[in-house]
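S.K.: One file is attached below, model02.pdb, containing PDB, C-alpha atoms and all ligand atoms.
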ATOM      1  CA  MET A1087       0.000   0.000   0.000  1.00  0.00           C
ATOM      2  CA  LYS A1088       1.271   3.458  -0.933  1.00  0.00           C
ATOM      3  CA  CYS A1089       1.062   6.741   0.937  1.00  0.00           C
ATOM      4  CA  LYS A1090      -1.543   8.025  -1.510  1.00  0.00           C
ATOM      5  CA  SER A1091      -3.801   5.062  -0.771  1.00  0.00           C
ATOM      6  CA  ILE A1092      -3.522   5.834   2.913  1.00  0.00           C
ATOM      7  CA  VAL A1093      -4.713   9.370   2.274  1.00  0.00           C
ATOM      8  CA  ILE A1094      -7.635   8.136   0.213  1.00  0.00           C
ATOM      9  CA  GLU A1095      -8.762   5.688   2.911  1.00  0.00           C
ATOM     10  CA  LEU A1096      -7.809   7.799   5.902  1.00  0.00           C
ATOM     11  CA  ALA A1097     -11.170   9.371   6.660  1.00  0.00           C
ATOM     12  CA  ASP A1098     -12.906   5.983   6.596  1.00  0.00           C
ATOM     13  CA  TYR A1099     -10.064   4.454   8.595  1.00  0.00           C
ATOM     14  CA  LEU A1100     -10.464   7.049  11.308  1.00  0.00           C
ATOM     15  CA  ASP A1101     -14.238   6.652  11.193  1.00  0.00           C
ATOM     16  CA  GLY A1102     -13.813   2.920  11.720  1.00  0.00           C
ATOM     17  CA  ALA A1103     -15.742   2.380   8.501  1.00  0.00           C
ATOM     18  CA  LEU A1104     -13.144   0.199   6.764  1.00  0.00           C
ATOM     19  CA  ASP A1105     -13.279  -3.562   6.580  1.00  0.00           C
ATOM     20  CA  SER A1106     -10.701  -5.333   8.690  1.00  0.00           C
ATOM     21  CA  SER A1107      -8.339  -6.373   5.889  1.00  0.00           C
ATOM     22  CA  LEU A1108      -8.018  -2.832   4.555  1.00  0.00           C
ATOM     23  CA  ARG A1109      -7.574  -1.595   8.077  1.00  0.00           C
ATOM     24  CA  ALA A1110      -4.789  -4.105   8.641  1.00  0.00           C
ATOM     25  CA  SER A1111      -3.045  -2.984   5.444  1.00  0.00           C
ATOM     26  CA  ILE A1112      -3.139   0.604   6.621  1.00  0.00           C
ATOM     27  CA  GLU A1113      -1.807  -0.328  10.034  1.00  0.00           C
ATOM     28  CA  GLN A1114       1.007  -2.304   8.428  1.00  0.00           C
ATOM     29  CA  HIS A1115       1.913   0.715   6.349  1.00  0.00           C
ATOM     30  CA  LEU A1116       1.802   3.009   9.365  1.00  0.00           C
ATOM     31  CA  GLU A1117       4.292   0.811  11.190  1.00  0.00           C
ATOM     32  CA  LYS A1118       6.809   1.357   8.422  1.00  0.00           C
ATOM     33  CA  CYS A1119       6.033   4.892   7.317  1.00  0.00           C
ATOM     34  CA  SER A1120       6.664   7.703   9.778  1.00  0.00           C
ATOM     35  CA  ASP A1121       5.247  10.299   7.357  1.00  0.00           C
ATOM     36  CA  CYS A1122       1.852   8.647   7.340  1.00  0.00           C
ATOM     37  CA  ARG A1123       1.989   8.047  11.090  1.00  0.00           C
ATOM     38  CA  LEU A1124       2.463  11.760  11.564  1.00  0.00           C
ATOM     39  CA  VAL A1125      -0.410  12.558   9.242  1.00  0.00           C
ATOM     40  CA  VAL A1126      -2.722  10.069  10.957  1.00  0.00           C
ATOM     41  CA  ASP A1127      -1.723  11.328  14.371  1.00  0.00           C
ATOM     42  CA  THR A1128      -2.264  14.963  13.443  1.00  0.00           C
ATOM     43  CA  THR A1129      -5.551  14.136  11.769  1.00  0.00           C
ATOM     44  CA  LYS A1130      -6.794  12.208  14.806  1.00  0.00           C
ATOM     45  CA  LYS A1131      -6.056  15.180  17.024  1.00  0.00           C
ATOM     46  CA  THR A1132      -7.790  17.522  14.608  1.00  0.00           C
ATOM     47  CA  ILE A1133     -10.855  15.297  14.544  1.00  0.00           C
ATOM     48  CA  GLN A1134     -10.920  15.124  18.326  1.00  0.00           C
ATOM     49  CA  ILE A1135     -10.967  18.898  18.447  1.00  0.00           C
ATOM     50  CA  PHE A1136     -13.700  19.081  15.793  1.00  0.00           C
ATOM     51  CA  CYS A1137     -15.845  16.443  17.418  1.00  0.00           C
ATOM     52  CA  ASN A1138     -15.095  17.423  20.999  1.00  0.00           C
ATOM     53  CA  SER A1139     -13.625  13.965  21.678  1.00  0.00           C
ATOM     54  CA  GLU A1140     -16.937  12.255  20.936  1.00  0.00           C
ATOM     55  CA  PRO A1141     -17.045   9.479  18.370  1.00  0.00           C
ATOM     56  CA  ALA A1142     -19.039  11.109  15.589  1.00  0.00           C
ATOM     57  CA  PRO A1143     -18.888  10.769  11.819  1.00  0.00           C
ATOM     58  CA  LEU A1144     -17.086  13.593  10.106  1.00  0.00           C
ATOM     59  CA  PRO A1145     -19.222  16.118   8.268  1.00  0.00           C
ATOM     60  CA  ALA A1146     -18.751  15.755   4.515  1.00  0.00           C
ATOM     61  CA  ASP A1147     -17.164  19.158   4.019  1.00  0.00           C
ATOM     62  CA  ILE A1148     -14.573  18.506   6.706  1.00  0.00           C
ATOM     63  CA  ARG A1149     -13.805  15.122   5.220  1.00  0.00           C
ATOM     64  CA  GLN A1150     -13.283  16.767   1.859  1.00  0.00           C
ATOM     65  CA  ARG A1151     -11.105  19.548   3.249  1.00  0.00           C
ATOM     66  CA  LEU A1152      -9.052  17.025   5.177  1.00  0.00           C
ATOM     67  CA  HIS A1153      -8.664  14.896   2.108  1.00  0.00           C
ATOM     68  CA  ASP A1154      -7.507  17.851   0.012  1.00  0.00           C
ATOM     69  CA  ALA A1155      -5.033  18.974   2.649  1.00  0.00           C
ATOM     70  CA  LEU A1156      -3.569  15.503   3.051  1.00  0.00           C
ATOM     71  CA  GLU A1157      -3.340  14.977  -0.654  1.00  0.00           C
ATOM     72  CA  LYS A1158      -1.400  18.207  -1.016  1.00  0.00           C
ATOM     73  CA  ARG A1159       0.852  17.244   1.844  1.00  0.00           C
ATOM     74  CA  LEU A1160       1.681  13.747   0.664  1.00  0.00           C
ATOM     75  CA  GLY A1161       1.003  13.881  -3.051  1.00  0.00           C
ATOM     76  CA  GLY A1162       2.544  17.309  -3.566  1.00  0.00           C
ATOM     77  CA  ALA A1163       5.911  16.441  -2.066  1.00  0.00           C
ATOM     78  CA  GLY A1164       8.733  16.995  -4.500  1.00  0.00           C
ATOM     79  CA  THR A1165       6.985  19.515  -6.718  1.00  0.00           C
TER      80      THR A1165
HETATM   81 ZN    ZN B1201       3.193   6.396   3.964  1.00  0.00          ZN
END
Produce structure tokens that represent the structure in this file.
Ligand SMILES: [Zn+2]
M.R.:
Amino acid sequence: MKCKSIVIELADYLDGALDSSLRASIEQHLEKCSDCRLVVDTTKKTIQIFCNSEPAPLPADIRQRLHDALEKRLGGAGT
């Protein structure tokens, strides 16, 4: 699994909406990739602030903004 795939699945991963095999692939990647770990960690904290620490689905516009920001951060590296 590549960093870009992590970004694409990240919102669902953090929502707990992924099936277990996809989730395991992401976790395997996170063990090896400190960049993605940082992104996931930062994103989790951001979501906790947004949702006031309650487990709630992300509003669609926040998901989209998050997705765009992460894509720029990971996909835009080197340009
Ligand atoms: Zn990665």
S.K.: Listing only residues of range 1141-1161 of chain A within 10 Å of range 1121-1127 of chain A, what is the closest atom pair and its distance in Å (to one decimal) for each, using only C-alpha atoms, sorted by chain and residue number ascending, as a Markdown table?
M.R.:
| residue | atom | partner | partner_atom | distance |
| --- | --- | --- | --- | --- |
| A:Leu1156 | CA | A:Val1125 | CA | 7.5 |
| A:Arg1159 | CA | A:Val1125 | CA | 8.8 |
| A:Leu1160 | CA | A:Asp1121 | CA | 8.3 |
S.K.: Between CA of Ala1110 in chain A and CA of Ile1148 in chain A, what is the spacing in Å?
M.R.: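 Calculated distance between CA of Ile1148 in chain A and CA of Ala1110 in chain A is 24.7 Å.
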S.K.: Mind running chain A against ligand ZN 1201 (chain B) at 8 Å and telling me each contacting residue's nearest atom pair with the distance in Å (one decimal), counting all atoms listed in the file, chain and number ascending, as CSV?
M.R.:
residue,atom,partner,partner_atom,distance
A:Lys1088,CA,B:ZN1201,ZN,6.0
A:Cys1089,CA,B:ZN1201,ZN,3.7
A:Lys1090,CA,B:ZN1201,ZN,7.4
A:Ile1092,CA,B:ZN1201,ZN,6.8
A:His1115,CA,B:ZN1201,ZN,6.3
A:Leu1116,CA,B:ZN1201,ZN,6.5
A:Lys1118,CA,B:ZN1201,ZN,7.6
A:Cys1119,CA,B:ZN1201,ZN,4.6
A:Ser1120,CA,B:ZN1201,ZN,6.9
A:Asp1121,CA,B:ZN1201,ZN,5.6
A:Cys1122,CA,B:ZN1201,ZN,4.3
A:Arg1123,CA,B:ZN1201,ZN,7.4
S.K.: What's the separation between CA of Ala1155 in chain A and CA of Val1093 in chain A, in Å to one decimal place?
M.R.: 9.6 Å
S.K.: What is the CA of Gly1102 in chain A-CA of Gly1161 in chain A distance in Å, reported with one decimal?
M.R.: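 Value for the CA of Gly1102 in chain A-CA of Gly1161 in chain A distance: 23.6 Å.
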S.K.: List the spatial neighbours of range 1097-1101 of chain A as JSON, numbers by chain - criterion: any atom at most 12 Å away, all atoms listed in the file, same-chain residues fewer than 6 positions off excluded.
M.R.: {"A": [1091, 1107, 1108, 1109, 1110, 1111, 1112, 1113, 1116, 1125, 1126, 1127, 1128, 1129, 1130, 1131, 1132, 1133, 1134, 1137, 1140, 1141, 1142, 1143, 1144, 1145, 1146, 1147, 1148, 1149, 1150, 1151, 1152, 1153, 1154, 1156]}
S.K.: Could you extract range 1095-1109 of chain A of the given structure into a file holding all heavy atoms, as a PDB file, in the first residue's frame?
M.R.:
ATOM      1  N   GLU A1095      -7.964   6.479   1.970  1.00  0.00           N
ATOM      2  CA  GLU A1095      -8.762   5.688   2.911  1.00  0.00           C
ATOM      3  C   GLU A1095      -8.797   6.273   4.318  1.00  0.00           C
ATOM      4  O   GLU A1095      -9.507   5.756   5.180  1.00  0.00           O
ATOM      5  CB  GLU A1095      -8.190   4.259   3.006  1.00  0.00           C
ATOM      6  CG  GLU A1095      -8.039   3.546   1.687  1.00  0.00           C
ATOM      7  CD  GLU A1095      -9.372   3.224   1.037  1.00  0.00           C
ATOM      8  OE1 GLU A1095     -10.419   3.451   1.659  1.00  0.00           O
ATOM      9  OE2 GLU A1095      -9.359   2.753  -0.110  1.00  0.00           O
ATOM     10  N   LEU A1096      -8.036   7.351   4.530  1.00  0.00           N
ATOM     11  CA  LEU A1096      -7.809   7.799   5.902  1.00  0.00           C
ATOM     12  C   LEU A1096      -9.088   8.187   6.652  1.00  0.00           C
ATOM     13  O   LEU A1096      -9.273   7.804   7.806  1.00  0.00           O
ATOM     14  CB  LEU A1096      -6.827   8.983   5.903  1.00  0.00           C
ATOM     15  CG  LEU A1096      -6.419   9.477   7.278  1.00  0.00           C
ATOM     16  CD1 LEU A1096      -5.753   8.367   8.074  1.00  0.00           C
ATOM     17  CD2 LEU A1096      -5.466  10.658   7.157  1.00  0.00           C
ATOM     18  N   ALA A1097      -9.956   8.916   5.974  1.00  0.00           N
ATOM     19  CA  ALA A1097     -11.170   9.371   6.660  1.00  0.00           C
ATOM     20  C   ALA A1097     -12.010   8.181   7.120  1.00  0.00           C
ATOM     21  O   ALA A1097     -12.492   8.159   8.259  1.00  0.00           O
ATOM     22  CB  ALA A1097     -11.984  10.284   5.747  1.00  0.00           C
ATOM     23  N   ASP A1098     -12.141   7.181   6.227  1.00  0.00           N
ATOM     24  CA  ASP A1098     -12.906   5.983   6.596  1.00  0.00           C
ATOM     25  C   ASP A1098     -12.195   5.189   7.684  1.00  0.00           C
ATOM     26  O   ASP A1098     -12.827   4.634   8.576  1.00  0.00           O
ATOM     27  CB  ASP A1098     -13.128   5.089   5.371  1.00  0.00           C
ATOM     28  CG  ASP A1098     -14.223   5.641   4.481  1.00  0.00           C
ATOM     29  OD1 ASP A1098     -15.052   6.421   4.979  1.00  0.00           O
ATOM     30  OD2 ASP A1098     -14.247   5.300   3.296  1.00  0.00           O
ATOM     31  N   TYR A1099     -10.856   5.157   7.582  1.00  0.00           N
ATOM     32  CA  TYR A1099     -10.064   4.454   8.595  1.00  0.00           C
ATOM     33  C   TYR A1099     -10.324   5.073   9.972  1.00  0.00           C
ATOM     34  O   TYR A1099     -10.573   4.363  10.950  1.00  0.00           O
ATOM     35  CB  TYR A1099      -8.583   4.548   8.234  1.00  0.00           C
ATOM     36  CG  TYR A1099      -7.647   4.051   9.308  1.00  0.00           C
ATOM     37  CD1 TYR A1099      -7.545   2.698   9.598  1.00  0.00           C
ATOM     38  CD2 TYR A1099      -6.858   4.949  10.031  1.00  0.00           C
ATOM     39  CE1 TYR A1099      -6.690   2.238  10.589  1.00  0.00           C
ATOM     40  CE2 TYR A1099      -5.994   4.506  11.016  1.00  0.00           C
ATOM     41  CZ  TYR A1099      -5.913   3.152  11.292  1.00  0.00           C
ATOM     42  OH  TYR A1099      -5.068   2.718  12.272  1.00  0.00           O
ATOM     43  N   LEU A1100     -10.287   6.373  10.023  1.00  0.00           N
ATOM     44  CA  LEU A1100     -10.464   7.049  11.308  1.00  0.00           C
ATOM     45  C   LEU A1100     -11.912   6.971  11.788  1.00  0.00           C
ATOM     46  O   LEU A1100     -12.186   7.028  12.982  1.00  0.00           O
ATOM     47  CB  LEU A1100     -10.001   8.505  11.207  1.00  0.00           C
ATOM     48  CG  LEU A1100      -8.489   8.661  11.006  1.00  0.00           C
ATOM     49  CD1 LEU A1100      -8.128  10.109  10.759  1.00  0.00           C
ATOM     50  CD2 LEU A1100      -7.701   8.119  12.178  1.00  0.00           C
ATOM     51  N   ASP A1101     -12.826   6.845  10.853  1.00  0.00           N
ATOM     52  CA  ASP A1101     -14.238   6.652  11.193  1.00  0.00           C
ATOM     53  C   ASP A1101     -14.518   5.237  11.674  1.00  0.00           C
ATOM     54  O   ASP A1101     -15.576   4.943  12.199  1.00  0.00           O
ATOM     55  CB  ASP A1101     -15.120   6.885   9.954  1.00  0.00           C
ATOM     56  CG  ASP A1101     -15.580   8.329   9.866  1.00  0.00           C
ATOM     57  OD1 ASP A1101     -15.259   9.110  10.782  1.00  0.00           O
ATOM     58  OD2 ASP A1101     -16.254   8.662   8.894  1.00  0.00           O
ATOM     59  N   GLY A1102     -13.583   4.323  11.424  1.00  0.00           N
ATOM     60  CA  GLY A1102     -13.813   2.920  11.720  1.00  0.00           C
ATOM     61  C   GLY A1102     -14.727   2.260  10.700  1.00  0.00           C
ATOM     62  O   GLY A1102     -15.338   1.233  10.981  1.00  0.00           O
ATOM     63  N   ALA A1103     -14.803   2.868   9.510  1.00  0.00           N
ATOM     64  CA  ALA A1103     -15.742   2.380   8.501  1.00  0.00           C
ATOM     65  C   ALA A1103     -15.108   1.367   7.542  1.00  0.00           C
ATOM     66  O   ALA A1103     -15.782   0.824   6.682  1.00  0.00           O
ATOM     67  CB  ALA A1103     -16.311   3.557   7.707  1.00  0.00           C
ATOM     68  N   LEU A1104     -13.809   1.116   7.690  1.00  0.00           N
ATOM     69  CA  LEU A1104     -13.144   0.199   6.764  1.00  0.00           C
ATOM     70  C   LEU A1104     -13.317  -1.251   7.194  1.00  0.00           C
ATOM     71  O   LEU A1104     -13.420  -1.537   8.387  1.00  0.00           O
ATOM     72  CB  LEU A1104     -11.648   0.509   6.718  1.00  0.00           C
ATOM     73  CG  LEU A1104     -11.237   1.794   6.034  1.00  0.00           C
ATOM     74  CD1 LEU A1104      -9.722   1.905   6.046  1.00  0.00           C
ATOM     75  CD2 LEU A1104     -11.750   1.866   4.618  1.00  0.00           C
ATOM     76  N   ASP A1105     -13.269  -2.146   6.200  1.00  0.00           N
ATOM     77  CA  ASP A1105     -13.279  -3.562   6.580  1.00  0.00           C
ATOM     78  C   ASP A1105     -11.908  -3.937   7.150  1.00  0.00           C
ATOM     79  O   ASP A1105     -10.912  -3.243   6.961  1.00  0.00           O
ATOM     80  CB  ASP A1105     -13.690  -4.447   5.406  1.00  0.00           C
ATOM     81  CG  ASP A1105     -12.684  -4.449   4.281  1.00  0.00           C
ATOM     82  OD1 ASP A1105     -11.539  -4.883   4.507  1.00  0.00           O
ATOM     83  OD2 ASP A1105     -13.041  -3.996   3.195  1.00  0.00           O
ATOM     84  N   SER A1106     -11.872  -5.036   7.863  1.00  0.00           N
ATOM     85  CA  SER A1106     -10.701  -5.333   8.690  1.00  0.00           C
ATOM     86  C   SER A1106      -9.430  -5.571   7.880  1.00  0.00           C
ATOM     87  O   SER A1106      -8.345  -5.243   8.332  1.00  0.00           O
ATOM     88  CB  SER A1106     -10.992  -6.510   9.608  1.00  0.00           C
ATOM     89  OG  SER A1106     -11.427  -7.600   8.838  1.00  0.00           O
ATOM     90  N   SER A1107      -9.550  -6.102   6.662  1.00  0.00           N
ATOM     91  CA  SER A1107      -8.339  -6.373   5.889  1.00  0.00           C
ATOM     92  C   SER A1107      -7.696  -5.072   5.404  1.00  0.00           C
ATOM     93  O   SER A1107      -6.478  -4.915   5.423  1.00  0.00           O
ATOM     94  CB  SER A1107      -8.647  -7.296   4.707  1.00  0.00           C
ATOM     95  OG  SER A1107      -9.527  -6.689   3.803  1.00  0.00           O
ATOM     96  N   LEU A1108      -8.530  -4.122   4.987  1.00  0.00           N
ATOM     97  CA  LEU A1108      -8.018  -2.832   4.555  1.00  0.00           C
ATOM     98  C   LEU A1108      -7.390  -2.087   5.726  1.00  0.00           C
ATOM     99  O   LEU A1108      -6.329  -1.478   5.629  1.00  0.00           O
ATOM    100  CB  LEU A1108      -9.165  -2.009   3.957  1.00  0.00           C
ATOM    101  CG  LEU A1108      -8.808  -0.857   3.032  1.00  0.00           C
ATOM    102  CD1 LEU A1108      -7.781  -1.270   1.989  1.00  0.00           C
ATOM    103  CD2 LEU A1108     -10.059  -0.353   2.332  1.00  0.00           C
ATOM    104  N   ARG A1109      -8.071  -2.195   6.845  1.00  0.00           N
ATOM    105  CA  ARG A1109      -7.574  -1.595   8.077  1.00  0.00           C
ATOM    106  C   ARG A1109      -6.200  -2.162   8.457  1.00  0.00           C
ATOM    107  O   ARG A1109      -5.287  -1.428   8.821  1.00  0.00           O
ATOM    108  CB  ARG A1109      -8.584  -1.930   9.188  1.00  0.00           C
ATOM    109  CG  ARG A1109      -8.708  -0.896  10.237  1.00  0.00           C
ATOM    110  CD  ARG A1109      -9.736  -1.327  11.280  1.00  0.00           C
ATOM    111  NE  ARG A1109      -9.467  -0.568  12.473  1.00  0.00           N
ATOM    112  CZ  ARG A1109      -9.850   0.687  12.650  1.00  0.00           C
ATOM    113  NH1 ARG A1109     -10.559   1.293  11.720  1.00  0.00           N
ATOM    114  NH2 ARG A1109      -9.526   1.339  13.733  1.00  0.00           N
TER     115      ARG A1109
END
